[in-house]
Structures are given as C-alpha cells and as structure tokens.
Amino acid sequence: MKLTVNGKLFAADPAPGDCLRIFLRELGMYGVKKGCDGGDCGACTVWVDKKPVHSCLYPAFRAEDKEITTIEGLATNGKLHPMQQAFLDAQSFQCGYCAAGMIMTSAALTEEQKKDLPHALKGNLCRCTGYQSIRDAFDGTKNVKLDKAGKSAGTSTPNPFAHDIVTGAARYTSDIEPPEGLLHMKVLRSPHAHARITSINKEKALAIPGVIAVYTWEDVPRRLYTTAIHEDNRVDPDDTYLLDNVARFVGQRIVAVVAESEGIAEAGVRAVEVDYEILPAVFDPEEAMMPGAPILHDLGGDSHIKDPKHNIFVDIHGEVGNVEQGFKEADAIYEETYFAPRQQHVHLETMQSIAWRSDDGRLHVRTSSQGPFIVKGRLCYLFGIQPSQLHVFTERVGGGFGGKQDMMSEDLPLFATMQIGRPVQWEFTREEQFIGATTRHPMKIQVKLGARNDGKLTAIQFRMVSNTGAYGNHGGETLANGMSGQWAMYKCPNKKGDGYAVYTNMQCGGGFRGYGTTQPCFAMESAMDELAHMLKLDPIEFRRKNVVQADDELVSVLSGFDDLTIGSYGLDQCIDAVEKALKSKRGLPKPKGDDWLEGSGMGISMLDCVPPTEQRSACEITLREDGTYHFTVGSVEIGNGLVTAQQQVVAQILGCSTSRVTFKNADTDETPYDSGTFASVGMMVPTKAVEYAARALQEKILAYAGRLTRKKPKDCRIEDDRVICGHKKIPLTELHAQSVRDGEELKAFRKAYGSPRTVAFMAYGARIAVHRVTGEIQVLHSIETVDTGTVVNPNQLRGQCIGGVIQGIGYTLQEKMVYNDQGAVINPTLRNYRIPAIADAPVTEVFFANTYDNIGPLGAKSVAENTINPVAPAIGNALRNATGVRFTSLPFTEDRIFARLNGQTVPEPVHPR
Amino acid sequence: MNLNTITELKRPSSADEVTAWKDGYAWLAGGTWLFSEPQVHTDTLIDLAGLKWQSLAVASDGGLEVAATCTIHDLCEFKPPKTWKAGALIGECCRSFLSSFKIWHEASIGGNIVMSLPAGPMISLTTALEGIYTLWPRNGEPRDVNAIDFVTGNHQNVLAKGELLRSIHLPASALGKRFAFRRASLTHLGRSGVLLIGTIDDAKKELIITITAATARPVQVRLCGAVTAIEVREAIEAAVPESLWFDDVHSSPAHRRHLSYHYAEEIRKELCA
C-alpha cells in the first residue's frame with residue numbers, strides 16, 4: 001500500500017494485524033513512542049489526515065492513501081510549529097519521552113479545547129513534570145533563559161536536548177535503525193507464586209519457523225547474583241539466578257525465546273510447555289516470619305541471608321537512650337500501625353536493551369539503565385566476559401525513578417547474542433513492568449511516640465516490616481534508609497527502631513524515589529500530627545519544638561555512619577513558608593455545598609543526600625581546538641536534568657556560557673566510571689566530580705597562560721572565550737594551538753566520592769476539600785518548600801519538585817496495585833492502574849529555602865527523592881483536620897474512606913502485600 | 001499494539017459476505033479495544049468500514065438512528081434539536097469515557113456497547129434513553145433487543161457467535177424527556193465507578209432511573225413521578241441483588257451501592273420536585 005508520511009510518499013505493506021505505531025517506526029519515524037502500546041498514555045500520538053490518533057490502536061492497513069504527520073514532520077521548512085516552540089520555551093518535559101505525543105496532541109487542539117486542558121489532555125500521561133510546565137506552554141510562559149558567560153548557575157538554561165525532544169530527534173534506547181540481523185526476545189513468566197519446575201518442553205516452540213533459540217534454567221550459567229545496582233553488591237543478597245528451576249512469584253521469568261520477530265517470539269513463548277510442582281506460598285511478611293511458613297531461599301552461607309528459616313533477609317535493630325524510660329516521662333503517648341503500599345514507577349519508557357557483537361568481537365549493550373557501569377560489572381561476572389570486551393551505555397533514558405536501578409533487561413539479550421552471534425533486543429511490555437519489574441516496598445510501620453505537655457518528645461519507637469518480595473534486591477538498603485533520616489530529623493533523647501526485610505512470594509520491591517523513606521515519613525508525620533492533637537498543640541508548632549537545628553548532631557538508631565552532617569540547614573525556612581502559604585487565601589476555594597469539608601495539613605522530611613554505602617564518580621574535561629570545553633562523566637540523564645546542571649557548573653567555573661560546553665555521559669567506553677544515578681546522588685557525586693575537574697582545568701589553563709605571559713596565575717582569569725593575563729588577551733583557540741605546539745595537555749581528570757554526606761529538608765502543605773458523603777478529595781492548595789542549597793537551575797528544580805509532588809499525590813490518592821489471592825497483579829495496565837493525568841494534578845507552588853551547602857558542588861545539594869516523601873502525610877493530616885478521622889493506610893481513594901466519613905466503624909484495611 | 005496472531009484481514013462490502021463464522025474471527029470497527037490488548041485467540045479481522053453504514057439518521061418516529069459503526073466523535077458532534085430535552089445527555093455520556101477525544105475519532109458506539117463493560121458510557125446513554133438495538137445474526141433474520149436487556153454481565157451480552165450489532169434506535173419519546181446525570185470516578189475524569197441517569201416525562205408520570213458502572217450489568221427502575229425517597233431506595237434494593245454491585249479496581253461494591261442510593265435520591269429531588 002501507499003501512504004504519505006510527513007509529506008513523503010512511502011510504499012510498504014503492513015501485516016494484517018499491525019498497528020500504525022510500529023509500522024511508522026519501521027519506516028524510521030522513531031519519534032513515535034511506546035509508553036503502553038495499549039492506547040492509555042498517548043506517547044504514540046500522530047495525525048491521520050490531520051486528526052490526532054493513538055497510533056498504537058490504529059490498524060496500519062487503514063493508513064492506506066492517508067496523510068500521516070508525526071512529530072518529525074510537524075515543523076515546516078525548518079520552522080518549529082508554534083506548539084513545539086511553546087514546549088521549548090516552557091521546557092514542558094523532563095525525560096522528554098512523552099513530549100512527542102504530548103505535542104502532537106496539543107498542536108491539534110482547537111481554541112475551545114485549549115480552554116479545558118483536563119479534558120483535552122486526558123489521553124496523555126507524563127510521569128516527570130506533574131504537568132505544570134505543560135500548562136505553562138499553553139499559557140505562553142517562557143521558563144528558559146540563556147545564560148551569560150560566567151553567570152550560568154542560577155539561570156534556567158534549557159535542557160541541552162530540548163530541541164531534539166520537541167522535534168522527535170532525541171534517541172531513546174530503541175530509537176536506532178535495527179542492526180543487521182536483529183532478533184527479538186520474549187519471556188515466559190511464571191503463572192504461579194511458588195512452584196518447582198519439573199520439566200520444560202521446548203520442541204513445539206523450536207519447531208515454529210523463525211524461532212532461533214529457547215533458553216531455560218538448564219541453558220544459562222547458574223551463578224547467584226542480585227539484580228540490584230549498587231557499587232557494593234554485598235549489601236544485597238546473592239539470591240537470584242538468571243533463570244531458575246523454582247518460581248518464587250507470579251511474573252518471574254522462566255523461559256526466554258529468541259526469534260526473527262516479536263510476533264514469532266510471542267508464538268514461541270505460547271508453545272513452550274512447562275510442568276510445575278506447585279509449592280505452598282506466603283504473601284504476608286508477618287506470616288512469612290512465623291514458624292512453619294514456606295521457606296523461599298535456603299542457599300547456605302554465601303548468599304548472606306540473615307535468617308533463611310524465617311524468610312528474614314535482614315533485620316536491623318538499634319536504640320539510643322532508653323525508650324522505656326522515655327515513655328515513663330511522657331504525658332501523652334500515641335501508638336498506631338500505618339501501612340504504606342506498593343507503587344509502580346511507570347517511567348514512560350519501559351525497560352529494554354539491545355545487545356550485539358561488533359566485528360572486532362567486542363560485545364555491546366545499549367540499555368535503559370540508571371547504572372550502566374554496575375551493569376557491566378555484573379554481566380562480566382555472570383558470563384565470564386573480560387571487562388575490556390564489554391561496552392554498556394545509555395543514550396536518552398525515558399524516566400527511571402529508581403525502577404531502572406535493577407539489572408533486568410540486559411542479561412538475557414546479551415546471553416543470547418553471545419550464543420547466537422546476532423543482535424538481540426528485548427523490550428518490556430507495559431504489562432511486564434507491572435508484573436515482572438519492581439515496585440516501592442510495601443511497609444508496615446508501627447510507631448509509638450511519647451511527649452511531655454511542654455511539647456517535647458521523650459521517646460520515639462518504631463517497628464518496620466518491609467515486604468521485599470521473592471528476592472532481596474534493595475530490601476536491606478531501603479530498610480536501612482527508612483530507619484535513618486525521618487527519625488533522625490527529630491531530636492529526642494530516646495529512640496528505638498526494629499526493622500525487618502522479609503521474603504514473600506510476591507513480586508520484588510526495588511529502588512523507588514524516596515527509597516524506603518516515603519513509607520516511614522507517612523507514619524511518622526501522621527503520628528506527630530496525632531500527638532499534637534493529644535497535647536492540644538498546633539501540629540506545626542509541635543514540629544518546630546522537636547526538629548533538629550542547624551548545629552545539632554543527627555542521631556539515628558543506626559550506628560556507624562558518622563560522615564552524615566548538616567552541611568546546610570533550611571528546615572526552619574521550609575516550615576515557615578508552608579505555614580504562611582497555608583494561611584494565605586491562595587489556591588482554589590472550597591466547592592459550594594454543606595457536604596464539603598475543608599482542612600489543611602503539613603508533612604516534613606529529611607533526606608540523606610548520598611547513601612552510606614560506596615558511591616563514586618569521575619569526570620574528564622578538555623579544552624578543545626575550537627576553544628570550547630568537552631567533559632565526560634558516567635552518570636545517567638533520566639529526566640533529572642543532571643547533564644543540564646553539570647553543563648552549568650562547568651560554565652560557571654570556567655567563566656563561559658553553556659553554549660561553549662559539550663559533554664558525553666553514561667558510556668563505559670567513553671566516560672569515566674560512575675556508580676550509577678540513584679539515591680539523589682546526581683548533584684552530590686558526579687556533579688561534584690565535574691566541579692573538581694572544571695576547577696582543575698581552570699587552574700591548568702591559568703597556570704599555562706601565566707607561563708606564556710610571564711604572569712602569576714592569580715593575575716590571570718578566563719573570560720568566556722579568552723584568557724586575560726594582565727593586559728594580554730589570549731583567545732582560547734590560540735591557547736589550545738600553542739599548547740599543542742608545547743606538548744601541554746589542557747585537560748583534567750578528577751574523582752569524587754559520596755562522603756562526607758549532607759542532608760536536605762523538605763516541607764509540603766496541602767489544603768483539601770473532602771465530600772463527606774461521597775469521600776471525594778480535592779486538593780485546593782498545594783505547596784512544597786525545598787531546602788536544596790544553591791539553586792543551579794530554578795526551572796529544572798521546580799520541575800523536579802512538582803513532578804515529585806504529583807507522583808506523591810498519585811501514591812496518596814489513587815495509585816493501587818491490586819493482587820488476587822494467588823499473588824497475581826490484577827490491574828497491570830495504565831487504564832486500571834491510574835497515575836495522575838493532568839486533571840489529577842493540582843497547581844503546586846514551589847519555594848526554595850535560601851541556603852548554601854558546604855559539602856555539595858557550588859553550595860547545591862540533592863532534591864529528587866525528598867520531593868515525594870511529605871506529600872502523603874500532609875494530605876492525611878489535612879484529611880484528619882477536615883474530618884476528625886485518621887486514615888492509616890494508603891491510598892485515600894473515596895471507596896476506601898467514605899464509610900468512616902459517614903460514621904461507620906470500618907477497620908482500616910491492612911494490605912500486607 | 002501489533003496483533004501478531006492475525007493472519008488474515010477480510011474487507012467485505014456487505015455483512016452477508018461473511019457467512020461461515022469461525023472461532024478466531026473478530027469484527028473490527030474502530031479497533032481501539034481490539035488493538036489495546038493481545039488477542040491470541042483471534043486470527044482474522046473483518047473490517048466493518050467497507051459496509052459504509054450511515055452514521056446518524058433521523059428515525060421514522062422522529063428519534064435517532066445510530067449505526068453501530070458511528071464514531072464517538074460523530075455522535076458527540078451531533079447537534080440535537082432543541083425539542084430533545086435529553087439531547088445534552090449525549091455529550092455528558094461521551095465525556096464519561098476514560099479515553100480522550102483522540103480515541104473518539106476511531107472508537108465506535110457499537111464497539112463500546114458490545115464490549116459490555118459496566119462502565120461503558122454508550123451503554124449508559126442508550127439504556128437510559130430506552131434504546132432498541134437491531135442485531136444481525138449471521139444466518140437468520142435481524143432481531144430487535146431492548147438496550148436494557150442486551151448486557152447480561154461484566155463483558156457479557158446476548159450476542160450469538162458472529163452476530164453483529166447493526167444499529168441503535170433512540171426513540172423520540174425518550175429523547176424528549178428531562179434528565180438528570182450523576183457520575184463518580186476514583187480519579188478526576190477517570191473511568192466511571194458509578195453512573196446514574198434519571199429521566200422523566202413532561203407529565204411527571206414516570207421516573208426512570210438507570211444504574212450503570214456500579215452494577216455488573218445495567219439496572220433500570222421505573223417509578224411513578226410522585227415517588228418518595230424511601231420508595232426509590234426500596235426499588236433499587238429490590239432490583240439489585242447484593243452480588244450485582246460491581247467489584248473492581250475502579251471502586252468497591254459498598255461504595256458503589258452507597259453512591260447509587262445517594263445519587264438516586266438527588267435525581268429524584270431534581271426531577272420530581
């Protein structure tokens with residue numbers, strides 16, 4: 001058939017069941033993205049005869065003789081469409097993966113539709129921005145500003161990939177022309193929560209024409225490892241095999257099929273016959289710790305599982321002071337059990353990898369990962385590859401949020417490539433993200449607080465039980481992190497904590513923005529609010545009386561981490577700003593009607609800016625022939641704006657504008673080693689390395705220019721494109737040319753470590769309306785205040801904060817993974833697991849505390865994870881304030897809360913899964 | 001997504017060309033559901049586009065004749081005559097889709113009805129407006145079914161294998177009634193958890209309350225215009241057995257029951273006052 005795409009005539013014949021999305025990508029239109037492939041997210045939006053459609057739902061054969069417009073064809077004669085320009089000006093994206101579909105939808109709206117964005121954009125999901133910058137595009141707001149030489153930090157410079165993002169030229173993991181001979185992988189996943197595989201019959205699968213290989217546990221190296229990405233892999237248990245003969249959760253990968261096409265691979269998966277011996281399963285971590293519970297792992301000493309007989313991967317206990325004595329001194333004691341459930345990351349780009357062998361025999365993995373260097377090390381270990389023979393890299397990564405801090409899509413394609421010799425691609429479906437990837441760890445938190453009538457805490461005690469699922473990846477580290485910051489933020493002479501990370505036959509928890517702190521923050525901040533009510537104190541004032549101050553020592557129940565200090569302190573400013581905003585008349589008015597109740601609440605949190613375990617990075621920076629700078633760093637850009645900030649730090653130090661700074665990141669061949677981009681380390685470790693390297697290069701340039709001009713380095717300075725030494729001005733191009741002649745290398749390499757560590761603070765406040773009959777909640781006013789030290793890029797930082805708040809609002813008010821009694825997720829689609837759409841995202845005000853950190857680069861510190869933590873308790877406290885009812889488990893969906901608002905006594909359900 | 005099990009596409013110009021119905025056949029209208037999930041038991045798509053049914057027409061009784069292949073977009077854009085007091089219900093129901101206007105360009109009215117999900121807004125619309133569906137069996141004469149009797153449960157209906165929903169007739173008498181509309185969703189503009197529509201004639205003789213989304217199949221109660229609050233409640237109690245309140249991730253049965261009573265009473269007050 002013939003069709004026109006972006007003004008160009010094509011002739012190609014799709015298969016009868018092909019959708020337009022994949023057909024267009026086969027024609028090279030990589031701007032047409034896959035977010036869900038089921039019509040829910042809108043990332044694949046294109047126009048068919050000027051009408052916007054979801055191309056994943058559009059039968060390809062119907063495009064015959066039609067005129068198709070994709071993001072690549074939206075600009076005319078090199079001039080951006082006004083909507084592309086508006087998105088560029090407002091920087092209405094972070095990872096940028098949703099932007100193509102968002103723009104194709106926005107550009108097709110009538111003026112009438114633009115007045116009602118909640119309806120007009122309901123078919124487009126964004127997980128990064130919280131939609132505020134997208135609204136800005138419609139308002140014509142220009143959020144970016146070009147920086148002046150030497151004055152980059154503090155300016156909202158644009159994302160260096162912005163133009164590529166709005167034109168569809170940005171390349172995410174699968175956006176490459178398929179390598180010659182590319183094969184596709186699909187995986188059979190376990191239908192059982194706990195089962196032993198008794199036999200696998202591959203024959204029928206292998207008989208299908210086009211099926212190249214079928215791999216089972218008998219075909220792959222049998223080496224225990226962990227999927228979790230950490231520099232120090234001994235913090236995670238070695239409890240996982242590439243493919244195993246025991247299934248420990250519904251969704252565990254059992255068999256991998258490699259074929260000439262995805263369709264054939266799917267047919268191969270359906271044809272594989274597996275016999276299972278069903279084993280008893282346990283889903284609740286408390287039950288899993290009881291004697292007689294099914295045991296998940298019995299691997300002997302090497303796996304370093306604490307108590308395999310009781311399914312305890314790790315337990316942590318600590319006490320400072322004496323809580324028993326502390327409770328005796330208390331005038332009021334509050335005790336309650338809170339439950340914080342699972343949450344899926346829903347990064348719009350699913351996990352995926354492409355592996356191949358180059359002509360020189362080396363192996364390459366192009367992946368969507370937050371830690372390509374650790375992945376490389378793990379792959380070398382698993383397959384016995386010499387490190388010099390393996391290259392792992394990312395290009396653009398379409399969101400992460402911690403979900404890509406596990407090695408889950410790289411290993412099997414690489415193994416297949418090594419076996420077959422041809423390139424192999426494996427792309428998770430959206431369903432696989434829900435059933436086979438990780439989630440936030442569900443945690444039960446029992447909290448007991450005591451305080452005197454004067455409002456001083458006398459004792460803090462908590463017990464946390466975390467469901468790590470079938471494997472221990474991240475189970476221990478999230479637990480440790482959860483037992484740290486939130487409890488150390490409050491001064492109290494007596495603290496005690498007990499924590500357990502427990503195996504069950506559920507899918508695995510993983511890294512997720514907040515990393516084990518979101519859950520206890522919900523419990524602790526709710527408990528502080530309740531205790532204030534008991535003491536008849538204002539909850540905000542009660543917090544002020546008890547939070548750490550700038551000069552205080554941080555006291556956690558964990559011991560041995562004395563490199564954590566308060567490098568800057570803005571908590572007081574955060575609390576003040578939220579309090580003031582809540583008292584203002586800003587935000588929306590309460591809806592009319594007596595059934596609407598109104599209330600407000602606040603939550604605060606503290607983030608340890610770097611994990612206590614090993615975290616390192618390095619940067620190399622060079623002065624180039626054309627007088628510009630190029631730096632290489634191993635960290636990953638996942639929509640966090642990291643490369644933008646790094647570019648700004650270089651420009652700031654070297655006295656130029658970011659237009660003179662180029663870079664390469666996240667590539668084990670071309671950039672220095674980096675532990676990975678997670679745990680909010682982006683600013684604190686890799687950017688620190690960038691800062692050190694830029695300063696070192698500055699010194700070198702000044703020293704060399706000084707030598708050339710017989711001036712002291714202190715009498716020299718770099719100004720944009722030249723060095724000025726006294727009265728002499730040397731263009732950097734000339735300096736470079738001279739350095740070549742002199743054999744002088746104008747480049748610098750520096751390493752950075754994640755120690756000492758600082759802390760960052762955050763406060764979130766919300767005023768809400770609750771309908772006492774229906775249970776509906778509306779967020780009327782949403783405020784986040786952020787203590788993040790120097791603000792390097794205000795617009796990006798605002799975007800991170802709002803994105804975190806809206807992800808938090810999703811966690812608090814709507815997101816819910818539901819399992820059946822066999823341990824299977826029953827809602828593994830975006831239409832049934834609802835992340836916030838624009839209609840669900842209240843306008844959020846963001847304030848920055850005025851602080852300067854004495855540890856982070858240029859006085860800056862972390863922000864990303866902290867943004868989500870205080871949202872749930874703040875809204876819970878507002879709900880309590882409005883209704884008098886305390887809800888102790890999330891999410892606060894109206895079908896769960898209405899009964900108690902109507903005076904019924906319904907026990908708070910605890911969903912231990 | 002690609003439906004990789006599809007090996008054949010039929011593009012008939014008349015439904016009569018499709019006689020020997022086989023397992024593995026599927027009628028393709030907009031495709032917005034078919035292409036949203038793997039269809040591993042389907043190998044042949046039969047495209048309805050070639051039948052070229054007229055989307056919308058005025059019926060002989062002055063009501064509306066809607067072809068099953070009419071898109072949501074075309075129905076939503078339709079400007080009902082002023083005499084149809086219930087005309088605005090069309091827009092209300094279109095806006096009750098979880099999906100956006102982009103999907104409406106392709107999705108068909110018939111597709112939504114034959115999917116027979118509790119939250120199907122075209123089921124809400126056509127049952128509340130006392131619609132009559134014309135069905136085309138593969139081998140037999142066309143038959144008419146009252147809309148309210150078509151959906152029999154979650155994802156279940158009276159269609160025989162291969163039977164086509166041809167059109168929906170909305171009678172002028174129903175379109176001329178006043179209406180009241182109530183809807184709840186766990187998220188803003190999300191999938192309906194509860195959708196109630198009340199209609200009443202000018203003489204206020206008969207109040208019809210149609211419950212959809214809250215129940216596994218649509219439920220309709222017909223009451224006299226002078227009905228009391230308690231009578232409305234009792235009528236719903238009698239019509240909806242406890243097991244019929246739908247249970248899924250979009251709301252709990254208890255909440256659906258609670259809101260249905262609540263909205264039914266609001267509708268009674270609004271229409272019968």
# chains A, B, ... in the order shown; residues from 1 in each chain; ligands from 1

$ residues_around --residues "segment 164-176 of chain B" --least-positions-apart "3" --cutoff "6 Å" --atoms "only C-alpha atoms" --output "ChimeraX atom specification"
/B:62-68,84-86,129,131-136

$ write_last_selection --atoms "N, CA and C atoms" --output "PDB file, in the first residue's frame"
ATOM      1  N   GLY B  62     -39.102  10.054  14.481  1.00  0.00           N
ATOM      2  CA  GLY B  62     -38.507  11.332  14.859  1.00  0.00           C
ATOM      3  C   GLY B  62     -37.366  11.172  15.840  1.00  0.00           C
ATOM      4  N   GLY B  63     -37.074   9.941  16.213  1.00  0.00           N
ATOM      5  CA  GLY B  63     -35.936   9.686  17.111  1.00  0.00           C
ATOM      6  C   GLY B  63     -34.635   9.601  16.328  1.00  0.00           C
ATOM      7  N   LEU B  64     -33.637   9.006  16.968  1.00  0.00           N
ATOM      8  CA  LEU B  64     -32.307   8.970  16.352  1.00  0.00           C
ATOM      9  C   LEU B  64     -31.911   7.533  16.051  1.00  0.00           C
ATOM     10  N   GLU B  65     -31.406   7.344  14.833  1.00  0.00           N
ATOM     11  CA  GLU B  65     -30.920   6.033  14.417  1.00  0.00           C
ATOM     12  C   GLU B  65     -29.393   6.126  14.353  1.00  0.00           C
ATOM     13  N   VAL B  66     -28.734   5.354  15.175  1.00  0.00           N
ATOM     14  CA  VAL B  66     -27.275   5.427  15.248  1.00  0.00           C
ATOM     15  C   VAL B  66     -26.697   4.116  14.721  1.00  0.00           C
ATOM     16  N   ALA B  67     -25.852   4.206  13.721  1.00  0.00           N
ATOM     17  CA  ALA B  67     -25.195   2.991  13.236  1.00  0.00           C
ATOM     18  C   ALA B  67     -24.180   2.531  14.271  1.00  0.00           C
ATOM     19  N   ALA B  68     -24.006   1.227  14.382  1.00  0.00           N
ATOM     20  CA  ALA B  68     -23.028   0.708  15.341  1.00  0.00           C
ATOM     21  C   ALA B  68     -21.632   1.234  15.035  1.00  0.00           C
ATOM     22  N   TRP B  84     -35.419  18.007  21.898  1.00  0.00           N
ATOM     23  CA  TRP B  84     -34.916  16.846  22.636  1.00  0.00           C
ATOM     24  C   TRP B  84     -34.329  17.329  23.953  1.00  0.00           C
ATOM     25  N   LYS B  85     -35.121  17.284  24.971  1.00  0.00           N
ATOM     26  CA  LYS B  85     -34.619  17.782  26.258  1.00  0.00           C
ATOM     27  C   LYS B  85     -33.471  16.907  26.772  1.00  0.00           C
ATOM     28  N   ALA B  86     -33.483  15.661  26.343  1.00  0.00           N
ATOM     29  CA  ALA B  86     -32.397  14.763  26.775  1.00  0.00           C
ATOM     30  C   ALA B  86     -31.201  14.818  25.836  1.00  0.00           C
ATOM     31  N   LEU B 129     -31.946   6.041  27.622  1.00  0.00           N
ATOM     32  CA  LEU B 129     -32.860   6.608  26.623  1.00  0.00           C
ATOM     33  C   LEU B 129     -33.725   5.536  25.967  1.00  0.00           C
ATOM     34  N   GLY B 131     -33.281   2.765  24.509  1.00  0.00           N
ATOM     35  CA  GLY B 131     -32.910   2.395  23.149  1.00  0.00           C
ATOM     36  C   GLY B 131     -33.297   0.973  22.776  1.00  0.00           C
ATOM     37  N   ILE B 132     -33.361   0.764  21.478  1.00  0.00           N
ATOM     38  CA  ILE B 132     -33.602  -0.583  20.941  1.00  0.00           C
ATOM     39  C   ILE B 132     -32.462  -0.891  19.989  1.00  0.00           C
ATOM     40  N   TYR B 133     -31.836  -2.043  20.191  1.00  0.00           N
ATOM     41  CA  TYR B 133     -30.715  -2.438  19.346  1.00  0.00           C
ATOM     42  C   TYR B 133     -31.221  -3.382  18.260  1.00  0.00           C
ATOM     43  N   THR B 134     -30.727  -3.171  17.053  1.00  0.00           N
ATOM     44  CA  THR B 134     -31.003  -4.129  15.985  1.00  0.00           C
ATOM     45  C   THR B 134     -29.776  -5.009  15.790  1.00  0.00           C
ATOM     46  N   LEU B 135     -29.984  -6.295  15.908  1.00  0.00           N
ATOM     47  CA  LEU B 135     -28.879  -7.253  15.807  1.00  0.00           C
ATOM     48  C   LEU B 135     -29.022  -8.048  14.509  1.00  0.00           C
ATOM     49  N   TRP B 136     -27.897  -8.304  13.910  1.00  0.00           N
ATOM     50  CA  TRP B 136     -27.869  -9.110  12.685  1.00  0.00           C
ATOM     51  C   TRP B 136     -27.175 -10.433  12.965  1.00  0.00           C
TER      52      TRP B 136
END

$ interface_residues --of "chain A" --to "chain B" --cutoff "6 Å" --atoms "only C-alpha atoms" --output "ChimeraX atom specification"
/A:16-19,37-38,52-53,56-57,122-123,263,839-840,895

$ select_by_dssp --residues "segment 166-265 of chain A" --states "alpha helix (DSSP H)" --output "list in words"
Val166, Thr167, Glu203, Lys204, Ala205, Leu206, Glu262, Gly263, Ile264 and Ala265 of chain A

$ decode --residues "segment 608-647 of chain A" --atoms "N, CA and C atoms" --output "tab-separated table (two decimals), in the first residue's frame"
chain	number	residue	atom	x	y	z
A	608	ASP	N	18.98	11.91	53.48
A	608	ASP	CA	20.43	11.75	53.47
A	608	ASP	C	20.85	11.85	52.01
A	609	CYS	N	21.66	12.85	51.67
A	609	CYS	CA	21.85	13.17	50.25
A	609	CYS	C	22.61	12.12	49.45
A	610	VAL	N	23.30	11.24	50.11
A	610	VAL	CA	24.04	10.18	49.43
A	610	VAL	C	23.88	8.94	50.30
A	611	PRO	N	23.83	7.74	49.71
A	611	PRO	CA	23.72	6.56	50.57
A	611	PRO	C	25.00	6.33	51.35
A	612	PRO	N	24.91	5.63	52.47
A	612	PRO	CA	26.10	5.41	53.29
A	612	PRO	C	27.09	4.44	52.63
A	613	THR	N	26.59	3.64	51.69
A	613	THR	CA	27.50	2.70	51.01
A	613	THR	C	28.32	3.44	49.97
A	614	GLU	N	29.27	2.70	49.38
A	614	GLU	CA	30.21	3.31	48.43
A	614	GLU	C	29.50	3.95	47.24
A	615	GLN	N	29.92	5.15	46.91
A	615	GLN	CA	29.34	5.84	45.74
A	615	GLN	C	30.41	6.74	45.17
A	616	ARG	N	30.77	6.51	43.91
A	616	ARG	CA	31.86	7.31	43.36
A	616	ARG	C	31.62	7.64	41.89
A	617	SER	N	32.35	8.62	41.43
A	617	SER	CA	32.22	9.05	40.05
A	617	SER	C	33.51	9.77	39.66
A	618	ALA	N	33.61	10.11	38.40
A	618	ALA	CA	34.79	10.84	37.94
A	618	ALA	C	34.41	11.62	36.69
A	619	CYS	N	35.23	12.62	36.40
A	619	CYS	CA	34.95	13.44	35.23
A	619	CYS	C	36.27	13.81	34.56
A	620	GLU	N	36.26	13.80	33.25
A	620	GLU	CA	37.40	14.30	32.50
A	620	GLU	C	36.93	15.49	31.67
A	621	ILE	N	37.69	16.55	31.69
A	621	ILE	CA	37.30	17.73	30.92
A	621	ILE	C	38.49	18.22	30.11
A	622	THR	N	38.18	18.66	28.90
A	622	THR	CA	39.23	19.03	27.94
A	622	THR	C	38.91	20.38	27.32
A	623	LEU	N	39.95	21.17	27.10
A	623	LEU	CA	39.79	22.36	26.25
A	623	LEU	C	39.99	21.90	24.81
A	624	ARG	N	39.03	22.21	23.96
A	624	ARG	CA	39.12	21.73	22.57
A	624	ARG	C	39.72	22.79	21.66
A	625	GLU	N	40.09	22.30	20.49
A	625	GLU	CA	40.72	23.13	19.48
A	625	GLU	C	39.92	24.40	19.18
A	626	ASP	N	38.59	24.27	19.18
A	626	ASP	CA	37.75	25.44	18.85
A	626	ASP	C	37.49	26.33	20.05
A	627	GLY	N	38.19	26.07	21.13
A	627	GLY	CA	38.05	26.93	22.31
A	627	GLY	C	36.85	26.61	23.17
A	628	THR	N	36.20	25.50	22.89
A	628	THR	CA	35.08	25.08	23.75
A	628	THR	C	35.57	23.97	24.68
A	629	TYR	N	34.70	23.61	25.63
A	629	TYR	CA	35.06	22.57	26.60
A	629	TYR	C	34.21	21.34	26.36
A	630	HIS	N	34.81	20.20	26.59
A	630	HIS	CA	34.07	18.95	26.50
A	630	HIS	C	34.36	18.14	27.75
A	631	PHE	N	33.28	17.71	28.42
A	631	PHE	CA	33.52	16.85	29.59
A	631	PHE	C	32.83	15.51	29.43
A	632	THR	N	33.40	14.51	30.07
A	632	THR	CA	32.80	13.18	30.07
A	632	THR	C	32.57	12.76	31.51
A	633	VAL	N	31.41	12.18	31.74
A	633	VAL	CA	31.06	11.75	33.10
A	633	VAL	C	30.13	10.54	32.95
A	634	GLY	N	30.21	9.61	33.88
A	634	GLY	CA	29.49	8.35	33.71
A	634	GLY	C	28.05	8.35	34.16
A	635	SER	N	27.59	9.44	34.76
A	635	SER	CA	26.24	9.46	35.31
A	635	SER	C	25.20	9.46	34.18
A	636	VAL	N	23.96	9.11	34.55
A	636	VAL	CA	22.90	8.91	33.57
A	636	VAL	C	21.90	10.06	33.65
A	637	GLU	N	21.45	10.49	32.50
A	637	GLU	CA	20.39	11.50	32.43
A	637	GLU	C	19.06	10.75	32.28
A	638	ILE	N	18.22	10.81	33.33
A	638	ILE	CA	16.96	10.07	33.29
A	638	ILE	C	15.77	11.02	33.35
A	639	GLY	N	16.03	12.28	33.02
A	639	GLY	CA	14.95	13.26	33.16
A	639	GLY	C	15.13	14.08	34.42
A	640	ASN	N	16.24	13.81	35.11
A	640	ASN	CA	16.54	14.54	36.34
A	640	ASN	C	17.21	15.88	36.05
A	641	GLY	N	17.57	16.12	34.79
A	641	GLY	CA	18.21	17.39	34.45
A	641	GLY	C	19.67	17.43	34.80
A	642	LEU	N	20.24	16.26	35.03
A	642	LEU	CA	21.61	16.21	35.54
A	642	LEU	C	22.61	16.81	34.56
A	643	VAL	N	22.51	16.46	33.28
A	643	VAL	CA	23.51	16.98	32.34
A	643	VAL	C	23.39	18.50	32.19
A	644	THR	N	22.17	19.00	32.32
A	644	THR	CA	21.99	20.45	32.26
A	644	THR	C	22.74	21.12	33.40
A	645	ALA	N	22.57	20.58	34.59
A	645	ALA	CA	23.23	21.16	35.76
A	645	ALA	C	24.74	21.03	35.65
A	646	GLN	N	25.19	19.88	35.15
A	646	GLN	CA	26.65	19.68	35.02
A	646	GLN	C	27.25	20.67	34.03
A	647	GLN	N	26.53	20.88	32.94
A	647	GLN	CA	26.97	21.86	31.94
A	647	GLN	C	27.07	23.25	32.59
